[in-house]
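For reference, my_file_20.txt (compact mmCIF, C-alpha atoms):
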```
# COMPACT_ATOMS: atom_id res chain seq x y z
CA ALA U 1 -24.90 129.22 119.67
CA GLU U 2 -21.36 129.98 118.50
CA GLY U 3 -19.88 128.32 121.59
CA LEU U 4 -21.99 125.20 121.09
CA TRP U 5 -21.01 124.98 117.41
CA ARG U 6 -17.33 125.34 118.28
CA LYS U 7 -17.60 122.49 120.80
CA ALA U 8 -19.50 120.35 118.28
CA LEU U 9 -16.88 121.03 115.59
CA ALA U 10 -14.12 120.00 117.98
CA LYS U 11 -15.91 116.65 118.43
CA ASP U 12 -16.79 116.26 114.74
CA PRO U 13 -14.28 118.28 112.65
CA ASN U 14 -15.55 116.81 109.35
CA GLU U 15 -19.12 118.16 109.64
CA PRO U 16 -19.44 120.88 106.95
CA MET U 17 -22.59 122.55 108.35
CA LEU U 18 -20.80 123.38 111.60
CA SER U 19 -18.02 125.15 109.68
CA TYR U 20 -20.63 126.92 107.55
CA ASN U 21 -22.64 128.11 110.57
CA LEU U 22 -19.48 129.39 112.27
CA GLY U 23 -18.65 131.24 109.04
CA LEU U 24 -22.03 132.95 109.09
CA VAL U 25 -21.52 134.00 112.72
CA ALA U 26 -18.01 135.31 111.98
CA ARG U 27 -19.34 137.33 109.05
CA GLN U 28 -22.17 138.77 111.13
CA SER U 29 -19.61 139.81 113.76
CA GLY U 30 -17.40 141.51 111.15
CA ARG U 31 -14.62 138.89 111.38
CA LEU U 32 -14.33 138.57 107.62
CA ASP U 33 -10.98 136.75 107.41
CA GLU U 34 -12.23 134.10 109.83
CA ALA U 35 -15.49 133.83 107.88
CA ALA U 36 -13.57 133.25 104.64
CA ARG U 37 -11.52 130.53 106.34
CA ARG U 38 -14.68 128.83 107.66
CA PHE U 39 -16.36 128.90 104.24
CA ARG U 40 -13.24 127.51 102.54
CA ASP U 41 -13.21 124.75 105.17
CA THR U 42 -16.88 124.01 104.40
CA ILE U 43 -16.15 123.74 100.66
CA ARG U 44 -13.17 121.45 101.32
CA LYS U 45 -15.45 119.10 103.28
CA ALA U 46 -18.46 119.46 100.95
CA PRO U 47 -17.44 120.70 97.46
CA ALA U 48 -21.10 120.82 96.35
CA HIS U 49 -22.14 123.22 99.15
CA VAL U 50 -23.43 126.02 96.91
CA GLU U 51 -24.34 128.46 99.67
CA ALA U 52 -20.82 128.27 101.09
CA ARG U 53 -19.34 129.00 97.67
CA LEU U 54 -21.56 132.05 97.21
CA ALA U 55 -20.85 133.19 100.77
CA LEU U 56 -17.09 132.91 100.15
CA ALA U 57 -17.37 134.96 96.94
CA SER U 58 -19.40 137.58 98.81
CA ILE U 59 -16.75 137.75 101.57
CA TYR U 60 -14.05 138.26 98.94
CA MET U 61 -16.02 141.23 97.62
CA ASP U 62 -16.45 142.63 101.14
CA LEU U 63 -12.67 142.38 101.51
CA GLY U 64 -12.12 144.14 98.18
CA ARG U 65 -10.65 140.99 96.64
CA PHE U 66 -12.65 141.22 93.43
CA ALA U 67 -10.30 139.11 91.31
CA ALA U 68 -10.66 136.22 93.80
CA ALA U 69 -14.44 136.71 93.82
CA GLU U 70 -14.56 136.72 90.01
CA ARG U 71 -12.62 133.43 89.83
CA GLU U 72 -14.88 131.78 92.40
CA LEU U 73 -18.07 133.03 90.75
CA ALA U 74 -17.03 132.19 87.17
CA GLU U 75 -16.45 128.57 88.19
CA PHE U 76 -19.66 128.49 90.21
CA VAL U 77 -21.79 129.91 87.37
CA THR U 78 -20.36 127.38 84.90
CA ASN U 79 -21.16 124.50 87.25
CA VAL U 80 -24.70 125.74 87.96
CA ASP U 81 -25.40 126.27 84.24
CA GLN U 82 -24.34 122.68 83.55
CA ALA U 83 -26.46 121.36 86.43
CA ILE U 84 -29.54 123.23 85.20
CA GLU U 85 -29.01 121.87 81.69
CA LYS U 86 -29.17 118.40 83.27
CA GLY U 87 -32.51 119.20 84.93
CA ALA U 88 -31.64 120.84 88.27
CA GLU U 89 -34.29 123.57 87.91
CA ASN U 90 -34.22 124.23 91.67
CA LEU U 91 -30.89 126.01 91.13
CA LYS U 92 -32.43 128.75 88.93
CA PRO U 93 -32.59 131.40 91.71
CA LEU U 94 -28.95 130.71 92.60
CA GLN U 95 -28.00 130.99 88.94
CA ALA U 96 -29.43 134.53 88.70
CA ARG U 97 -27.89 135.58 92.02
CA ALA U 98 -24.44 134.21 91.17
CA ARG U 99 -24.37 135.72 87.69
CA ASN U 100 -25.49 139.05 89.14
CA MET U 101 -22.57 138.87 91.61
CA LEU U 102 -20.18 137.93 88.81
CA GLY U 103 -21.28 140.96 86.76
CA TYR U 104 -20.71 143.23 89.75
CA ALA U 105 -17.26 141.74 90.40
CA LEU U 106 -16.31 142.40 86.77
CA TYR U 107 -17.55 146.00 87.12
CA ARG U 108 -15.41 146.51 90.24
CA LEU U 109 -12.40 145.10 88.36
CA GLY U 110 -12.91 147.76 85.68
CA HIS U 111 -14.12 145.25 83.05
CA HIS U 112 -17.22 147.28 82.31
CA ALA U 113 -18.29 145.98 78.89
CA PRO U 114 -17.89 142.28 79.92
CA ALA U 115 -19.84 143.12 83.10
CA ILE U 116 -22.77 144.37 81.02
CA GLU U 117 -22.72 141.19 78.90
CA VAL U 118 -22.87 139.03 82.04
CA LEU U 119 -25.59 141.19 83.62
CA ASP U 120 -27.73 140.95 80.48
CA ILE U 121 -27.69 137.16 80.86
CA ALA U 122 -28.41 137.55 84.61
CA LEU U 123 -31.46 139.62 83.69
CA ALA U 124 -32.78 136.72 81.62
CA ASP U 125 -31.90 134.29 84.45
CA ALA U 126 -33.92 136.39 86.92
CA GLY U 127 -37.20 135.78 85.10
CA ASP U 128 -40.11 137.32 87.04
CA ASP U 129 -38.14 137.95 90.23
CA ALA U 130 -38.66 141.72 90.49
CA THR U 131 -36.19 142.22 93.33
CA ARG U 132 -33.39 140.38 91.52
CA ARG U 133 -34.18 142.16 88.24
CA GLY U 134 -33.95 145.46 90.09
CA GLN U 135 -30.52 144.61 91.50
CA VAL U 136 -29.24 143.43 88.10
CA LEU U 137 -30.48 146.59 86.37
CA GLY U 138 -28.88 148.65 89.12
CA ASP U 139 -25.51 146.98 88.66
CA ARG U 140 -25.88 147.37 84.91
CA ALA U 141 -26.41 151.09 85.49
CA LEU U 142 -23.12 151.25 87.41
CA ALA U 143 -21.22 149.65 84.53
CA LEU U 144 -22.87 151.97 82.00
CA SER U 145 -21.99 154.98 84.17
CA ALA U 146 -18.35 153.85 84.32
CA LEU U 147 -18.34 153.76 80.50
CA GLY U 148 -19.68 157.32 80.39
CA HIS U 149 -23.15 156.32 79.11
CA HIS U 150 -24.85 158.50 81.71
CA ASP U 151 -28.33 158.81 80.14
CA GLU U 152 -28.71 155.05 79.67
CA ALA U 153 -27.26 154.45 83.14
CA THR U 154 -29.79 156.82 84.72
CA ALA U 155 -32.64 155.17 82.81
CA ASN U 156 -31.54 151.71 84.01
CA ALA U 157 -31.23 152.94 87.60
CA ARG U 158 -34.74 154.42 87.50
CA GLN U 159 -36.09 151.14 86.08
CA ALA U 160 -34.34 149.30 88.89
CA LEU U 161 -35.95 151.57 91.47
CA GLU U 162 -39.42 150.93 90.03
CA LEU U 163 -38.84 147.21 90.56
CA ALA U 164 -37.26 147.53 94.02
CA PRO U 165 -38.38 150.86 95.55
CA ASP U 166 -37.49 149.83 99.11
CA SER U 167 -34.02 148.56 98.31
CA ALA U 168 -31.29 150.65 99.93
CA PRO U 169 -28.65 149.49 97.39
CA VAL U 170 -30.85 150.39 94.41
CA ASN U 171 -31.72 153.84 95.83
CA HIS U 172 -28.00 154.37 96.39
CA ILE U 173 -27.17 153.29 92.83
CA LEU U 174 -29.54 155.92 91.40
CA GLY U 175 -27.86 158.59 93.53
CA PHE U 176 -24.40 157.36 92.60
CA VAL U 177 -25.20 157.40 88.87
CA LEU U 178 -26.75 160.87 89.06
CA HIS U 179 -23.74 162.22 90.93
CA HIS U 180 -21.33 160.85 88.32
CA ALA U 181 -23.58 162.24 85.57
CA GLY U 182 -22.82 165.71 86.96
CA GLN U 183 -26.12 166.07 88.84
CA PRO U 184 -25.09 166.05 92.53
CA GLY U 185 -28.18 168.02 93.58
CA GLU U 186 -30.46 165.38 92.03
CA ALA U 187 -28.39 162.64 93.66
CA ILE U 188 -29.06 163.77 97.24
CA GLY U 189 -32.70 162.56 97.43
CA PRO U 190 -32.20 158.88 96.49
CA ILE U 191 -29.04 158.61 98.60
CA GLN U 192 -30.86 160.01 101.64
CA ARG U 193 -33.67 157.53 100.95
CA ALA U 194 -31.11 154.71 100.97
CA LEU U 195 -29.90 155.91 104.38
CA GLU U 196 -33.48 156.09 105.70
CA ILE U 197 -33.89 152.42 104.77
CA GLU U 198 -30.43 151.42 106.01
CA PRO U 199 -28.93 154.09 108.32
CA THR U 200 -25.54 152.36 108.58
CA PHE U 201 -25.06 152.00 104.79
CA ALA U 202 -21.41 153.07 104.53
CA GLY U 203 -21.34 153.28 100.73
CA ALA U 204 -24.31 155.65 100.76
CA LEU U 205 -22.63 157.86 103.39
CA ARG U 206 -19.52 158.09 101.19
CA THR U 207 -21.49 158.90 98.03
CA LEU U 208 -23.56 161.50 99.87
CA ALA U 209 -20.27 163.05 101.02
CA LEU U 210 -19.10 163.19 97.38
CA ALA U 211 -22.32 164.91 96.33
CA GLN U 212 -22.12 167.41 99.20
CA THR U 213 -18.50 168.18 98.28
CA ALA U 214 -19.52 168.81 94.67
CA LEU U 215 -22.19 171.22 95.95
CA GLY U 216 -19.58 173.12 97.97
CA LYS U 217 -20.73 171.72 101.33
CA SER U 218 -17.37 170.37 102.47
CA GLU U 219 -18.17 170.61 106.18
CA ASP U 220 -21.25 168.43 105.71
CA ALA U 221 -19.13 165.96 103.73
CA VAL U 222 -16.56 165.79 106.55
CA ASP U 223 -19.36 165.11 109.07
CA LEU U 224 -20.72 162.26 106.92
CA LEU U 225 -17.32 160.62 106.53
CA GLN U 226 -16.60 160.96 110.24
CA ARG U 227 -19.96 159.29 110.88
CA ALA U 228 -18.95 156.44 108.56
CA LEU U 229 -15.67 156.04 110.48
CA ARG U 230 -17.43 156.08 113.86
CA GLN U 231 -19.49 153.15 112.59
CA THR U 232 -16.52 151.32 111.09
CA PRO U 233 -13.12 152.78 112.04
CA THR U 234 -11.42 150.50 109.50
CA ASP U 235 -13.50 151.70 106.51
CA ARG U 236 -10.62 152.17 104.07
CA ASP U 237 -12.67 154.00 101.43
CA ALA U 238 -13.92 156.51 104.01
CA ILE U 239 -10.35 157.01 105.27
CA LEU U 240 -9.11 157.73 101.75
CA GLN U 241 -12.01 160.03 100.93
CA LEU U 242 -11.80 162.00 104.21
CA SER U 243 -8.02 162.39 103.97
CA LEU U 244 -8.33 163.75 100.41
CA LEU U 245 -11.01 166.17 101.54
CA HIS U 246 -8.70 167.44 104.29
CA ILE U 247 -5.88 167.78 101.74
CA GLU U 248 -8.11 169.78 99.38
CA GLN U 249 -8.93 172.06 102.32
CA LYS U 250 -5.19 172.34 103.12
CA GLN U 251 -5.76 170.64 106.49
CA PHE U 252 -2.67 168.50 106.04
CA ASP U 253 -2.12 167.57 109.69
CA GLU U 254 -5.75 166.39 109.91
CA ALA U 255 -5.23 164.24 106.81
CA LEU U 256 -2.18 162.59 108.39
CA ARG U 257 -4.15 161.95 111.59
CA VAL U 258 -6.93 160.20 109.62
CA LEU U 259 -4.42 158.07 107.68
CA GLU U 260 -2.22 157.03 110.61
CA PRO U 261 -4.30 154.06 111.93
CA ARG U 262 -4.62 152.59 108.44
CA LEU U 263 -0.88 152.96 107.79
CA THR U 264 -0.16 151.16 111.06
CA GLU U 265 -2.51 148.34 110.10
CA ALA U 266 -1.50 148.11 106.42
CA PRO U 267 1.84 149.86 105.74
CA ASP U 268 1.87 148.65 102.11
CA ASP U 269 -1.52 150.12 101.16
CA VAL U 270 -0.59 152.08 98.01
CA PRO U 271 -3.48 154.61 97.87
CA VAL U 272 -3.00 155.36 101.57
CA LEU U 273 0.75 155.91 101.04
CA ASN U 274 -0.11 158.18 98.11
CA ASN U 275 -2.46 160.30 100.25
CA GLN U 276 0.11 160.42 103.06
CA ALA U 277 2.64 161.80 100.58
CA LEU U 278 0.17 164.45 99.35
CA ALA U 279 -0.32 165.63 102.94
CA LEU U 280 3.43 165.63 103.62
CA ARG U 281 4.01 167.60 100.42
CA GLY U 282 1.42 170.12 101.55
CA LEU U 283 3.44 170.53 104.76
CA LYS U 284 6.61 170.95 102.61
CA ARG U 285 8.07 167.79 104.14
CA PHE U 286 9.35 166.83 100.71
CA ASP U 287 11.88 164.14 101.67
CA GLU U 288 9.29 162.26 103.72
CA ALA U 289 6.79 162.57 100.86
CA ARG U 290 9.39 161.22 98.42
CA ARG U 291 10.07 158.21 100.68
CA ALA U 292 6.36 157.39 100.95
CA LEU U 293 5.93 157.59 97.18
CA LYS U 294 9.08 155.56 96.48
CA ARG U 295 7.65 152.83 98.69
CA ALA U 296 4.30 153.04 96.89
CA SER U 297 6.00 152.95 93.47
CA ARG U 298 7.89 149.77 94.39
CA LEU U 299 4.58 148.14 95.35
CA ALA U 300 2.68 149.38 92.28
CA THR U 301 5.19 150.12 89.55
CA ASP U 302 2.73 151.45 86.96
CA GLU U 303 0.20 153.32 89.14
CA PRO U 304 -0.10 156.67 87.32
CA MET U 305 -1.06 158.84 90.29
CA VAL U 306 1.86 157.53 92.33
CA LEU U 307 4.24 158.17 89.42
CA THR U 308 3.01 161.72 88.77
CA ASN U 309 2.99 162.63 92.48
CA LEU U 310 6.52 161.29 92.87
CA GLY U 311 7.47 163.44 89.88
CA CYS U 312 5.95 166.50 91.55
CA VAL U 313 7.91 165.93 94.74
CA LEU U 314 11.13 165.51 92.77
CA VAL U 315 10.43 168.86 91.08
CA ASP U 316 9.92 170.36 94.56
CA LEU U 317 13.36 168.97 95.48
CA GLY U 318 14.97 170.53 92.40
CA ARG U 319 15.23 167.20 90.56
CA ALA U 320 12.99 167.94 87.58
CA ALA U 321 15.19 166.01 85.14
CA GLU U 322 14.49 162.78 87.09
CA ALA U 323 10.80 163.65 87.32
CA ARG U 324 10.24 163.98 83.57
CA SER U 325 10.27 160.25 82.77
CA LEU U 326 7.88 159.54 85.66
CA HIS U 327 5.32 162.02 84.31
CA GLU U 328 5.68 160.57 80.82
CA ARG U 329 5.16 157.01 82.13
CA ALA U 330 2.05 158.15 84.00
CA LEU U 331 0.66 159.81 80.85
CA ARG U 332 1.15 156.61 78.84
CA THR U 333 -1.29 154.96 81.24
CA LEU U 334 -3.75 157.88 81.48
CA PRO U 335 -3.29 159.98 78.33
CA GLY U 336 -5.26 163.20 78.35
CA ASP U 337 -5.74 163.26 82.14
CA SER U 338 -5.87 166.93 83.20
CA ARG U 339 -4.04 166.36 86.50
CA LEU U 340 -1.17 164.47 84.88
CA LEU U 341 -0.85 167.01 82.05
CA GLY U 342 -0.73 169.85 84.58
CA HIS U 343 2.02 168.15 86.56
CA TYR U 344 3.97 167.39 83.37
CA GLY U 345 3.66 171.00 82.24
CA ALA U 346 5.00 172.26 85.59
CA CYS U 347 7.93 169.83 85.30
CA LEU U 348 8.75 171.01 81.77
CA ALA U 349 8.57 174.62 82.95
CA ALA U 350 11.05 173.80 85.72
CA LEU U 351 13.35 172.38 83.03
CA GLY U 352 13.07 175.62 81.06
CA GLU U 353 11.17 174.05 78.14
CA LYS U 354 8.62 176.86 77.99
CA ASP U 355 6.90 176.01 74.68
CA LYS U 356 6.39 172.34 75.55
CA ALA U 357 5.29 173.33 79.05
CA ARG U 358 2.64 175.71 77.68
CA GLU U 359 1.42 173.00 75.28
CA ALA U 360 0.97 170.53 78.17
CA LEU U 361 -0.68 173.13 80.41
CA ASP U 362 -3.07 174.24 77.63
CA ALA U 363 -4.04 170.58 77.14
CA ALA U 364 -4.60 170.22 80.91
CA LEU U 365 -6.91 173.25 80.94
CA ALA U 366 -8.75 172.07 77.83
CA ALA U 367 -9.53 168.83 79.69
CA ASN U 368 -10.45 170.69 82.90
CA PRO U 369 -10.67 174.51 82.83
CA ASN U 370 -10.70 174.54 86.66
CA ASN U 371 -7.33 172.77 87.08
CA ALA U 372 -5.86 175.07 89.74
CA GLU U 373 -2.31 173.66 89.49
CA ALA U 374 -2.23 174.17 85.72
CA LEU U 375 -3.56 177.73 86.07
CA ASP U 376 -0.95 178.46 88.75
CA ALA U 377 1.86 177.05 86.57
CA LEU U 378 0.76 179.20 83.61
CA VAL U 379 0.86 182.33 85.77
CA LYS U 380 4.37 181.48 86.93
```
Please re-express this file's structure in structure tokens.
Amino acid sequence: AEGLWRKALAKDPNEPMLSYNLGLVARQSGRLDEAARRFRDTIRKAPAHVEARLALASIYMDLGRFAAAERELAEFVTNVDQAIEKGAENLKPLQARARNMLGYALYRLGHHAPAIEVLDIALADAGDDATRRGQVLGDRALALSALGHHDEATANARQALELAPDSAPVNHILGFVLHHAGQPGEAIGPIQRALEIEPTFAGALRTLALAQTALGKSEDAVDLLQRALRQTPTDRDAILQLSLLHIEQKQFDEALRVLEPRLTEAPDDVPVLNNQALALRGLKRFDEARRALKRASRLATDEPMVLTNLGCVLVDLGRAAEARSLHERALRTLPGDSRLLGHYGACLAALGEKDKAREALDAALAANPNNAEALDALVK
């Protein structure tokens, strides 16, 4: 079918449905950039093609381009609302779906309270559609969880599951919310159910790995993440999660091996550069770690973890005076973060400012009594 559509498009390049169909095929085949191009081409030829607009927004989310998805969906929702006000009742299901997607995009952008406001409207848009209501409540649970409202988030996720018990995403959401509520043991069941329904669900594999790690089952977590990467070798989130797990287990060479393909494909990926530097630091290859973090800091000038890790490497190199301002900049972005406070305390100790160092380290341990770096710095 794809070959026939390509030939037909060559003969009639202005036919929007041909571009749309080729976009669907490209998406199904995992060629997301091509799919986005085909859907944009469809919209250029037929600006009122609502399915193409929603498909393009969905592709943006698959690509992690949530700001682009939010822009597309905000415009789409406004247009659909206006059309429904003028009597286009047939667009009601699309209205609920699009607003649900918009709420999720806002959640992924970290705009959690606005996401809940949008999702509350989406819930009203959904009417009696139990499946849609379940998805909206699930996404609302994610936003509530991100705000730290774990009891309400869990209640919403359980409501969602009552409405859509056979939905892999909704089962996964309940597990995700339970894990982040500090109940990794309770999270296992719904996540495994999500994987029974959809065995290749990459997000569920990653969350199950998080829960297994929290339960002290690191080997099981590694197996799950390797399974995710066998399915999709380019799964960036799985690459980041697996490399961090190797770093935590002091398997620094393994972490570098996992990161290498992604660095070749996307040398400016800041979180990947950050993880590479952590592994290099673990191997005491401090100059290489510093270069990776300098590159990352030029690409993301205010990223707190990059700043604090660069500060740590500078301390390793005997340049604690330069590191101090980096730690302080990081703490302005994430005040009270145990990791950042621990690193800052170690830097101050290296500068000989013992009282200030102890103050920072005590604050780090108050935020997280298990902060190993802070405990180690206090002993020293």
Would you mind telling me which residue in U:Arg31, U:Arg99, U:Arg339, U:His49 lies nearest to Met17 in chain U when using all atoms listed in the file?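 Nearest to Met17 in chain U: U:His49.
Counting from CA of Glu72 in chain U, the distance to CA of Ala8 in chain U is 28.7 Å.
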Give me the range 215-296 of chain U side of the contact with range 168-189 of chain U, cut-off 12 Å, one line per residue showing its nearest atom pair and distance in Å at one decimal, counting all atoms listed in the file, sorted by chain and residue number, as a tab-separated table.
```
residue	atom	partner	partner_atom	distance
U:Leu215	CA	U:Pro184	CA	6.8
U:Gly216	CA	U:Pro184	CA	10.5
U:Lys217	CA	U:Pro184	CA	11.3
```
Ala55 in chain U: which residues within 10 Å, counting only C-alpha atoms, same-chain residues fewer than 3 positions away excluded, as JSON, numbers by chain? {"U": [20, 23, 24, 27, 35, 36, 39, 40, 50, 51, 52, 58, 59, 60, 61]}
Let's have the selection written as a PDB file, in the frame of the given file, with C-alpha atoms.
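Output file again-v7.pdb is given in full below:
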```pdb
ATOM      1  CA  TYR U  20     -20.630 126.920 107.550  1.00  0.00           C
ATOM      2  CA  GLY U  23     -18.650 131.240 109.040  1.00  0.00           C
ATOM      3  CA  LEU U  24     -22.030 132.950 109.090  1.00  0.00           C
ATOM      4  CA  ARG U  27     -19.340 137.330 109.050  1.00  0.00           C
ATOM      5  CA  ALA U  35     -15.490 133.830 107.880  1.00  0.00           C
ATOM      6  CA  ALA U  36     -13.570 133.250 104.640  1.00  0.00           C
ATOM      7  CA  PHE U  39     -16.360 128.900 104.240  1.00  0.00           C
ATOM      8  CA  ARG U  40     -13.240 127.510 102.540  1.00  0.00           C
ATOM      9  CA  VAL U  50     -23.430 126.020  96.910  1.00  0.00           C
ATOM     10  CA  GLU U  51     -24.340 128.460  99.670  1.00  0.00           C
ATOM     11  CA  ALA U  52     -20.820 128.270 101.090  1.00  0.00           C
ATOM     12  CA  SER U  58     -19.400 137.580  98.810  1.00  0.00           C
ATOM     13  CA  ILE U  59     -16.750 137.750 101.570  1.00  0.00           C
ATOM     14  CA  TYR U  60     -14.050 138.260  98.940  1.00  0.00           C
ATOM     15  CA  MET U  61     -16.020 141.230  97.620  1.00  0.00           C
TER      16      MET U  61
END
```
Residues within 7 Å of range 324-336 of chain U, only C-alpha atoms, excluding chain neighbours under 5 positions, as a list in words: Pro304, Leu307, Thr308, Gly311, Leu341, Tyr344 and Cys347 of chain U
Written file, previous selection with C-alpha atoms, as a JSON list (two decimals), in the frame of the given file:
```json
[["chain", "number", "residue", "atom", "x", "y", "z"],
["U", 304, "PRO", "CA", -0.10, 156.67, 87.32],
["U", 307, "LEU", "CA", 4.24, 158.17, 89.42],
["U", 308, "THR", "CA", 3.01, 161.72, 88.77],
["U", 311, "GLY", "CA", 7.47, 163.44, 89.88],
["U", 341, "LEU", "CA", -0.85, 167.01, 82.05],
["U", 344, "TYR", "CA", 3.97, 167.39, 83.37],
["U", 347, "CYS", "CA", 7.93, 169.83, 85.30]]
```
For the point (-37.4, 146.4, 89.4) in the file's frame, write as a list in words all residues with an atom no more than 6 Å away, counting all atoms listed in the file.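 Every polymer residue passing the test: Ala130, Thr131, Arg133, Gly134, Gln159, Ala160, Leu161, Glu162, Leu163 and Ala164 of chain U.
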Neighbouring residues of Ser243 in chain U were defined as those with any atom within 12 Å, considering only C-alpha atoms; residues of the same chain fewer than 5 positions away were excluded. Please report them as a PyMOL selection string. chain U and resi 221-222+225-226+229+236-238+248-260+262+271-280
Atomic separation - CA of Leu245 in chain U relative to CA of Pro369 in chain U, Å: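 Separation between CA of Pro369 in chain U and CA of Leu245 in chain U: 20.5 Å.
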Just the number, please: distance in Å from CA of Val136 in chain U to CA of Leu102 in chain U, one decimal.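 These atoms are spaced 10.6 Å apart.
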Fewer than 5 positions away in the same chain doesn't count, so skip those; otherwise give me all residues within 6 Å of range 140-154 of chain U, counting all atoms listed in the file, as a ChimeraX atom specification. /U:107,112,116,181
Quick one: residues within 12 Å of Gly3 in chain U, only C-alpha atoms, excluding same-chain residues fewer than 4 positions away - as a PyMOL selection string? chain U and resi 7-10+18+21-22+25
So, counting all atoms listed in the file, which residue among U:Pro233, U:Gly138, U:Pro16, U:Gly345 is closest to Met101 in chain U?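 Among the listed residues, the smallest separation from Met101 in chain U belongs to U:Gly138.
If all atoms listed in the file are the atoms counted, then among U:Glu75, U:Glu373, U:Asp125, U:Glu70 the closest residue to His111 in chain U is U:Glu70.
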Calculated over only C-alpha atoms, which of the candidates U:Leu94, U:Ala289, U:Leu54, U:Ala124 has the smallest distance to Ala69 in chain U?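 Selected residue with least distance to Ala69 in chain U: U:Leu54.
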